[in-house]
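So the structure is just underneath, and the comments pick up after that.
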Amino acid sequence: MCIIAISRVCGAKRKHKTFNGLKNQVLFMDHEHHQGHHPAHHHHGGEFEARIAACNVPEPVRTYLTRCAHFHSAPAPGLLIGAFMVDYALELLNATPDDKLFAVSETPKCLPDAAQVIAHATTGNGRLRVVPIGRFAITMNRVSTEKTVDGFRVYVDMEKIKQFPIIDAWFSNSPVFSKHAQGNALQEQIFIAGRQLLSYEKVRVPVTLKEQWKPVKCPTCGETVPDYMVVDGKCGACGPMKYYEKI
């Protein structure tokens with residue numbers, strides 16, 4: 001019964017249509033970033049995969065969506081849109097997930113995980129930067145030894161999103177949107193919309209080549225940090241980046 005109901009909604013026709021110089025950010029996620037996702041919609045129940053199939057989401061995006069939801073621990077709407085965005089960027093770059101790619105996410109919410117899962121660009125391997133601008137956009141480029149490199153910036157187009165009222169209401173944080181009543185419908189509309197929400201622009205970004213560094217001992221805590229990360233003679237944790245109190 002669930003799949004039949006899904007098919008009715010998703011039966012509509014579907015059109016297929018480095019920044020490396022930036023510093024890492026210490027970012028704290030707010031608990032509302034999964035708005036639009038309800039525990040009852042968790043992908044482990046099978047409804048999530050059934051909804052993807054009923055909406056005729058093509059491969060490899062179908063696999064990307066499932067992998068991203070598993071990694072993220074929930075099929076959050078921003079994550080699902082992010083999977084389409086990263087897939088689009090790969091096509092624009094004529095790249096595959098196995099290529100060495102760099103990414104910059106302009107939001108800390110959901111979108112970075114799509115880059116990590118699909119393109120293997122992670123904060124740990126230095127190929128993902130998160131810049132807390134607040135725009136839902138991602139820029140991706142290939143590796144380069146030059147001072148600059150060309151890439152593509154993919155973003156949610158505020159004109160195109162108007163074609164999809166449920167997504168538009170969720171994205172604009174409108175009181176009209178009800179995450180409890182419209183969570184499934186939101187997922188379905190995202191799957192139907194796919195790239196139709198998105199636009200892109202070709203961009204040129206600076207590349208910072210890896211430099212030699214020396215360890216410096218912090219006079220306050222006694223631990224060592226790279227010399228280029230010293231702030232006012234101390235490590236960041238003993239200065240402006242302190243985030244804990246000893247107990």
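Each chain in the structure tokens gets a letter, A, B and so on, in the order shown; residues start at 1 in every chain, and ligands are counted from 1 in the order they appear.
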Neighbour list for Phe71 (chain A) as a list of chain:residue names, cut-off 12 Å, only C-alpha atoms, skip fewer than 2 positions in-chain: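 The filter keeps A:His43, A:His44, A:Tyr64, A:Leu65, A:Thr66, A:Arg67, A:Cys68, A:Ala69, A:Ser73, A:Ala74, A:Pro75, A:Ala76, A:Leu79, A:Cys110, A:Pro112, A:Asp113, A:Ala114, A:Ala115, A:Gln116, A:Val117, A:Ile118.
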What would the file look like if the residues just selected were written as a PDB file, in the first residue's frame with N, CA, C and O atoms?
```
ATOM      1  N   HIS A  43      15.623   5.837   6.900  1.00  0.00           N
ATOM      2  CA  HIS A  43      15.858   5.009   5.719  1.00  0.00           C
ATOM      3  C   HIS A  43      15.970   3.530   6.037  1.00  0.00           C
ATOM      4  O   HIS A  43      15.771   2.691   5.179  1.00  0.00           O
ATOM      5  N   HIS A  44      16.286   3.161   7.287  1.00  0.00           N
ATOM      6  CA  HIS A  44      16.446   1.747   7.605  1.00  0.00           C
ATOM      7  C   HIS A  44      15.124   0.991   7.505  1.00  0.00           C
ATOM      8  O   HIS A  44      15.106  -0.221   7.405  1.00  0.00           O
ATOM      9  N   TYR A  64      23.863   6.882  -4.532  1.00  0.00           N
ATOM     10  CA  TYR A  64      24.412   7.996  -3.753  1.00  0.00           C
ATOM     11  C   TYR A  64      23.473   8.375  -2.606  1.00  0.00           C
ATOM     12  O   TYR A  64      23.907   8.612  -1.475  1.00  0.00           O
ATOM     13  N   LEU A  65      22.184   8.458  -2.900  1.00  0.00           N
ATOM     14  CA  LEU A  65      21.206   8.868  -1.890  1.00  0.00           C
ATOM     15  C   LEU A  65      21.187   7.903  -0.709  1.00  0.00           C
ATOM     16  O   LEU A  65      21.176   8.323   0.455  1.00  0.00           O
ATOM     17  N   THR A  66      21.193   6.616  -1.003  1.00  0.00           N
ATOM     18  CA  THR A  66      21.160   5.614   0.060  1.00  0.00           C
ATOM     19  C   THR A  66      22.431   5.658   0.894  1.00  0.00           C
ATOM     20  O   THR A  66      22.389   5.610   2.129  1.00  0.00           O
ATOM     21  N   ARG A  67      23.579   5.769   0.231  1.00  0.00           N
ATOM     22  CA  ARG A  67      24.855   5.822   0.949  1.00  0.00           C
ATOM     23  C   ARG A  67      24.959   7.081   1.800  1.00  0.00           C
ATOM     24  O   ARG A  67      25.448   7.035   2.938  1.00  0.00           O
ATOM     25  N   CYS A  68      24.508   8.201   1.255  1.00  0.00           N
ATOM     26  CA  CYS A  68      24.567   9.461   2.003  1.00  0.00           C
ATOM     27  C   CYS A  68      23.681   9.406   3.243  1.00  0.00           C
ATOM     28  O   CYS A  68      24.072   9.844   4.328  1.00  0.00           O
ATOM     29  N   ALA A  69      22.465   8.867   3.090  1.00  0.00           N
ATOM     30  CA  ALA A  69      21.543   8.776   4.222  1.00  0.00           C
ATOM     31  C   ALA A  69      22.109   7.882   5.317  1.00  0.00           C
ATOM     32  O   ALA A  69      21.979   8.178   6.509  1.00  0.00           O
ATOM     33  N   SER A  73      23.183   9.357   8.945  1.00  0.00           N
ATOM     34  CA  SER A  73      22.305   8.756   9.959  1.00  0.00           C
ATOM     35  C   SER A  73      20.843   9.135   9.773  1.00  0.00           C
ATOM     36  O   SER A  73      19.991   8.701  10.544  1.00  0.00           O
ATOM     37  N   ALA A  74      20.527   9.912   8.739  1.00  0.00           N
ATOM     38  CA  ALA A  74      19.145  10.285   8.451  1.00  0.00           C
ATOM     39  C   ALA A  74      19.068  10.856   7.040  1.00  0.00           C
ATOM     40  O   ALA A  74      20.004  11.511   6.587  1.00  0.00           O
ATOM     41  N   PRO A  75      17.948  10.628   6.337  1.00  0.00           N
ATOM     42  CA  PRO A  75      17.787  11.180   4.987  1.00  0.00           C
ATOM     43  C   PRO A  75      17.299  12.628   5.034  1.00  0.00           C
ATOM     44  O   PRO A  75      16.213  12.956   4.576  1.00  0.00           O
ATOM     45  N   ALA A  76      18.103  13.508   5.601  1.00  0.00           N
ATOM     46  CA  ALA A  76      17.725  14.914   5.733  1.00  0.00           C
ATOM     47  C   ALA A  76      17.537  15.546   4.352  1.00  0.00           C
ATOM     48  O   ALA A  76      18.283  15.232   3.419  1.00  0.00           O
ATOM     49  N   LEU A  79      20.605  17.033   2.684  1.00  0.00           N
ATOM     50  CA  LEU A  79      21.535  15.993   2.256  1.00  0.00           C
ATOM     51  C   LEU A  79      21.112  15.420   0.907  1.00  0.00           C
ATOM     52  O   LEU A  79      21.948  15.192   0.027  1.00  0.00           O
ATOM     53  N   CYS A 110      24.435  19.604   6.324  1.00  0.00           N
ATOM     54  CA  CYS A 110      24.090  18.495   5.418  1.00  0.00           C
ATOM     55  C   CYS A 110      24.956  18.388   4.167  1.00  0.00           C
ATOM     56  O   CYS A 110      25.485  17.321   3.857  1.00  0.00           O
ATOM     57  N   PRO A 112      28.007  19.196   3.204  1.00  0.00           N
ATOM     58  CA  PRO A 112      29.363  18.638   3.233  1.00  0.00           C
ATOM     59  C   PRO A 112      29.401  17.113   3.225  1.00  0.00           C
ATOM     60  O   PRO A 112      30.322  16.516   2.661  1.00  0.00           O
ATOM     61  N   ASP A 113      28.401  16.478   3.828  1.00  0.00           N
ATOM     62  CA  ASP A 113      28.404  15.016   3.883  1.00  0.00           C
ATOM     63  C   ASP A 113      28.231  14.390   2.503  1.00  0.00           C
ATOM     64  O   ASP A 113      28.758  13.310   2.233  1.00  0.00           O
ATOM     65  N   ALA A 114      27.493  15.061   1.626  1.00  0.00           N
ATOM     66  CA  ALA A 114      27.331  14.539   0.267  1.00  0.00           C
ATOM     67  C   ALA A 114      28.670  14.529  -0.463  1.00  0.00           C
ATOM     68  O   ALA A 114      28.991  13.583  -1.190  1.00  0.00           O
ATOM     69  N   ALA A 115      29.473  15.569  -0.260  1.00  0.00           N
ATOM     70  CA  ALA A 115      30.798  15.623  -0.887  1.00  0.00           C
ATOM     71  C   ALA A 115      31.716  14.550  -0.323  1.00  0.00           C
ATOM     72  O   ALA A 115      32.509  13.940  -1.045  1.00  0.00           O
ATOM     73  N   GLN A 116      31.598  14.302   0.977  1.00  0.00           N
ATOM     74  CA  GLN A 116      32.456  13.298   1.605  1.00  0.00           C
ATOM     75  C   GLN A 116      32.118  11.892   1.123  1.00  0.00           C
ATOM     76  O   GLN A 116      33.010  11.096   0.812  1.00  0.00           O
ATOM     77  N   VAL A 117      30.834  11.584   1.047  1.00  0.00           N
ATOM     78  CA  VAL A 117      30.411  10.237   0.672  1.00  0.00           C
ATOM     79  C   VAL A 117      30.634   9.973  -0.818  1.00  0.00           C
ATOM     80  O   VAL A 117      31.158   8.927  -1.206  1.00  0.00           O
ATOM     81  N   ILE A 118      30.244  10.911  -1.657  1.00  0.00           N
ATOM     82  CA  ILE A 118      30.255  10.670  -3.103  1.00  0.00           C
ATOM     83  C   ILE A 118      31.630  10.916  -3.718  1.00  0.00           C
ATOM     84  O   ILE A 118      32.136  10.097  -4.489  1.00  0.00           O
TER      85      ILE A 118
END
```
Can you list every residue in region 26-215 of chain A that DSSP puts in strand (DSSP E), as a PDB file with N, CA and C atoms, in the first residue's frame?
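The file below, states31.pdb, is the result:
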```
ATOM      1  N   LEU A 101      39.369  15.092  -6.221  1.00  0.00           N
ATOM      2  CA  LEU A 101      38.607  16.327  -6.347  1.00  0.00           C
ATOM      3  C   LEU A 101      38.615  17.095  -5.033  1.00  0.00           C
ATOM      4  N   PHE A 102      38.474  18.414  -5.157  1.00  0.00           N
ATOM      5  CA  PHE A 102      38.392  19.292  -3.997  1.00  0.00           C
ATOM      6  C   PHE A 102      37.012  19.936  -3.968  1.00  0.00           C
ATOM      7  N   ALA A 103      36.531  20.228  -2.770  1.00  0.00           N
ATOM      8  CA  ALA A 103      35.199  20.815  -2.631  1.00  0.00           C
ATOM      9  C   ALA A 103      35.193  21.879  -1.545  1.00  0.00           C
ATOM     10  N   VAL A 104      34.377  22.897  -1.764  1.00  0.00           N
ATOM     11  CA  VAL A 104      34.109  23.902  -0.741  1.00  0.00           C
ATOM     12  C   VAL A 104      32.602  24.014  -0.595  1.00  0.00           C
ATOM     13  N   SER A 105      32.110  23.742   0.599  1.00  0.00           N
ATOM     14  CA  SER A 105      30.687  23.889   0.887  1.00  0.00           C
ATOM     15  C   SER A 105      30.470  25.233   1.564  1.00  0.00           C
ATOM     16  N   LEU A 128      38.214  18.924   1.553  1.00  0.00           N
ATOM     17  CA  LEU A 128      36.920  19.563   1.801  1.00  0.00           C
ATOM     18  C   LEU A 128      37.101  20.732   2.753  1.00  0.00           C
ATOM     19  N   ARG A 129      36.581  21.880   2.362  1.00  0.00           N
ATOM     20  CA  ARG A 129      36.551  23.050   3.231  1.00  0.00           C
ATOM     21  C   ARG A 129      35.096  23.459   3.421  1.00  0.00           C
ATOM     22  N   VAL A 130      34.769  23.876   4.627  1.00  0.00           N
ATOM     23  CA  VAL A 130      33.427  24.359   4.925  1.00  0.00           C
ATOM     24  C   VAL A 130      33.534  25.830   5.302  1.00  0.00           C
ATOM     25  N   ALA A 137      25.296  26.006  -1.434  1.00  0.00           N
ATOM     26  CA  ALA A 137      26.067  25.912  -2.669  1.00  0.00           C
ATOM     27  C   ALA A 137      27.358  25.158  -2.397  1.00  0.00           C
ATOM     28  N   ILE A 138      27.879  24.535  -3.451  1.00  0.00           N
ATOM     29  CA  ILE A 138      29.149  23.827  -3.340  1.00  0.00           C
ATOM     30  C   ILE A 138      29.960  24.071  -4.605  1.00  0.00           C
ATOM     31  N   THR A 139      31.252  24.289  -4.434  1.00  0.00           N
ATOM     32  CA  THR A 139      32.170  24.455  -5.558  1.00  0.00           C
ATOM     33  C   THR A 139      33.127  23.278  -5.561  1.00  0.00           C
ATOM     34  N   MET A 140      33.346  22.715  -6.749  1.00  0.00           N
ATOM     35  CA  MET A 140      34.244  21.571  -6.858  1.00  0.00           C
ATOM     36  C   MET A 140      35.222  21.781  -8.000  1.00  0.00           C
ATOM     37  N   ASN A 141      36.434  21.276  -7.821  1.00  0.00           N
ATOM     38  CA  ASN A 141      37.463  21.386  -8.853  1.00  0.00           C
ATOM     39  C   ASN A 141      38.408  20.200  -8.778  1.00  0.00           C
ATOM     40  N   ARG A 142      39.166  20.017  -9.845  1.00  0.00           N
ATOM     41  CA  ARG A 142      40.183  18.976  -9.871  1.00  0.00           C
ATOM     42  C   ARG A 142      41.446  19.471  -9.176  1.00  0.00           C
ATOM     43  N   THR A 148      45.979  28.991  -9.597  1.00  0.00           N
ATOM     44  CA  THR A 148      44.520  28.981  -9.609  1.00  0.00           C
ATOM     45  C   THR A 148      44.040  27.755 -10.377  1.00  0.00           C
ATOM     46  N   VAL A 149      42.774  27.419 -10.183  1.00  0.00           N
ATOM     47  CA  VAL A 149      42.194  26.283 -10.896  1.00  0.00           C
ATOM     48  C   VAL A 149      40.734  26.604 -11.195  1.00  0.00           C
ATOM     49  N   ASP A 150      40.264  26.162 -12.353  1.00  0.00           N
ATOM     50  CA  ASP A 150      38.872  26.380 -12.725  1.00  0.00           C
ATOM     51  C   ASP A 150      38.008  25.253 -12.174  1.00  0.00           C
ATOM     52  N   GLY A 151      36.825  25.616 -11.747  1.00  0.00           N
ATOM     53  CA  GLY A 151      35.889  24.630 -11.221  1.00  0.00           C
ATOM     54  C   GLY A 151      34.467  25.071 -11.479  1.00  0.00           C
ATOM     55  N   PHE A 152      33.521  24.387 -10.848  1.00  0.00           N
ATOM     56  CA  PHE A 152      32.111  24.708 -11.022  1.00  0.00           C
ATOM     57  C   PHE A 152      31.446  24.876  -9.664  1.00  0.00           C
ATOM     58  N   ARG A 153      30.653  25.921  -9.566  1.00  0.00           N
ATOM     59  CA  ARG A 153      29.864  26.184  -8.362  1.00  0.00           C
ATOM     60  C   ARG A 153      28.411  25.834  -8.665  1.00  0.00           C
ATOM     61  N   VAL A 154      27.872  24.875  -7.929  1.00  0.00           N
ATOM     62  CA  VAL A 154      26.490  24.436  -8.102  1.00  0.00           C
ATOM     63  C   VAL A 154      25.682  24.958  -6.914  1.00  0.00           C
ATOM     64  N   TYR A 155      24.522  25.535  -7.195  1.00  0.00           N
ATOM     65  CA  TYR A 155      23.736  26.139  -6.124  1.00  0.00           C
ATOM     66  C   TYR A 155      22.241  25.954  -6.357  1.00  0.00           C
ATOM     67  N   VAL A 156      21.467  26.087  -5.277  1.00  0.00           N
ATOM     68  CA  VAL A 156      20.011  26.038  -5.375  1.00  0.00           C
ATOM     69  C   VAL A 156      19.535  27.370  -5.942  1.00  0.00           C
ATOM     70  N   LEU A 198      18.522  23.293  -9.578  1.00  0.00           N
ATOM     71  CA  LEU A 198      19.900  23.750  -9.505  1.00  0.00           C
ATOM     72  C   LEU A 198      20.340  24.583 -10.706  1.00  0.00           C
ATOM     73  N   SER A 199      21.313  25.437 -10.456  1.00  0.00           N
ATOM     74  CA  SER A 199      22.031  26.149 -11.509  1.00  0.00           C
ATOM     75  C   SER A 199      23.516  26.050 -11.188  1.00  0.00           C
ATOM     76  N   TYR A 200      24.345  26.446 -12.156  1.00  0.00           N
ATOM     77  CA  TYR A 200      25.783  26.389 -11.918  1.00  0.00           C
ATOM     78  C   TYR A 200      26.469  27.562 -12.602  1.00  0.00           C
ATOM     79  N   GLU A 201      27.686  27.828 -12.169  1.00  0.00           N
ATOM     80  CA  GLU A 201      28.522  28.834 -12.807  1.00  0.00           C
ATOM     81  C   GLU A 201      29.964  28.352 -12.774  1.00  0.00           C
ATOM     82  N   LYS A 202      30.709  28.700 -13.813  1.00  0.00           N
ATOM     83  CA  LYS A 202      32.119  28.342 -13.848  1.00  0.00           C
ATOM     84  C   LYS A 202      32.889  29.377 -13.046  1.00  0.00           C
ATOM     85  N   VAL A 203      33.788  28.919 -12.189  1.00  0.00           N
ATOM     86  CA  VAL A 203      34.517  29.821 -11.303  1.00  0.00           C
ATOM     87  C   VAL A 203      36.007  29.495 -11.322  1.00  0.00           C
ATOM     88  N   ARG A 204      36.791  30.451 -10.884  1.00  0.00           N
ATOM     89  CA  ARG A 204      38.239  30.253 -10.748  1.00  0.00           C
ATOM     90  C   ARG A 204      38.607  30.510  -9.297  1.00  0.00           C
ATOM     91  N   VAL A 205      39.325  29.586  -8.714  1.00  0.00           N
ATOM     92  CA  VAL A 205      39.632  29.682  -7.289  1.00  0.00           C
ATOM     93  C   VAL A 205      41.139  29.576  -7.051  1.00  0.00           C
ATOM     94  N   PRO A 206      41.632  30.186  -5.973  1.00  0.00           N
ATOM     95  CA  PRO A 206      43.062  30.109  -5.663  1.00  0.00           C
ATOM     96  C   PRO A 206      43.449  28.747  -5.109  1.00  0.00           C
ATOM     97  N   PRO A 215      57.016  22.115  14.084  1.00  0.00           N
ATOM     98  CA  PRO A 215      56.203  22.026  15.301  1.00  0.00           C
ATOM     99  C   PRO A 215      56.629  23.088  16.313  1.00  0.00           C
TER     100      PRO A 215
END
```
Assign secondary structure with DSSP using the backbone only, and return the residues of region 13-190 of chain A in helix (DSSP H, G or I) as number ranges by chain. A: 31-34, 39-41, 43-45, 47-54, 61-72, 77-92, 111-119, 160-163, 165-171, 179-190
With a distance cut-off of 12 Å and only C-alpha atoms, select the neighbouring residues of Ile161 (chain A), excluding the residue or stretch itself and same-chain residues fewer than 6 positions from it, and output the selection as a ChimeraX atom specification. /A:81,155,167-172,189-190,193-199
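Minimum distance to Gly78 (chain A) across A:Leu209, A:Lys162, A:Leu111, A:Lys147 (counting only C-alpha atoms) occurs at A:Leu111.
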Neighbouring residues of Ala237 (chain A) were defined as those with any atom within 12 Å, considering only C-alpha atoms; residues of the same chain fewer than 3 positions away were excluded. Please report them as an MDAnalysis selection string. chainID A and resid 26 218:225 229:234 240:246
Figure out the distance between CA of Ile192 (chain A) and CA of Ala89 (chain A), please, to one decimal in Å.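 CA of Ile192 (chain A) lies 18.8 Å from CA of Ala89 (chain A).
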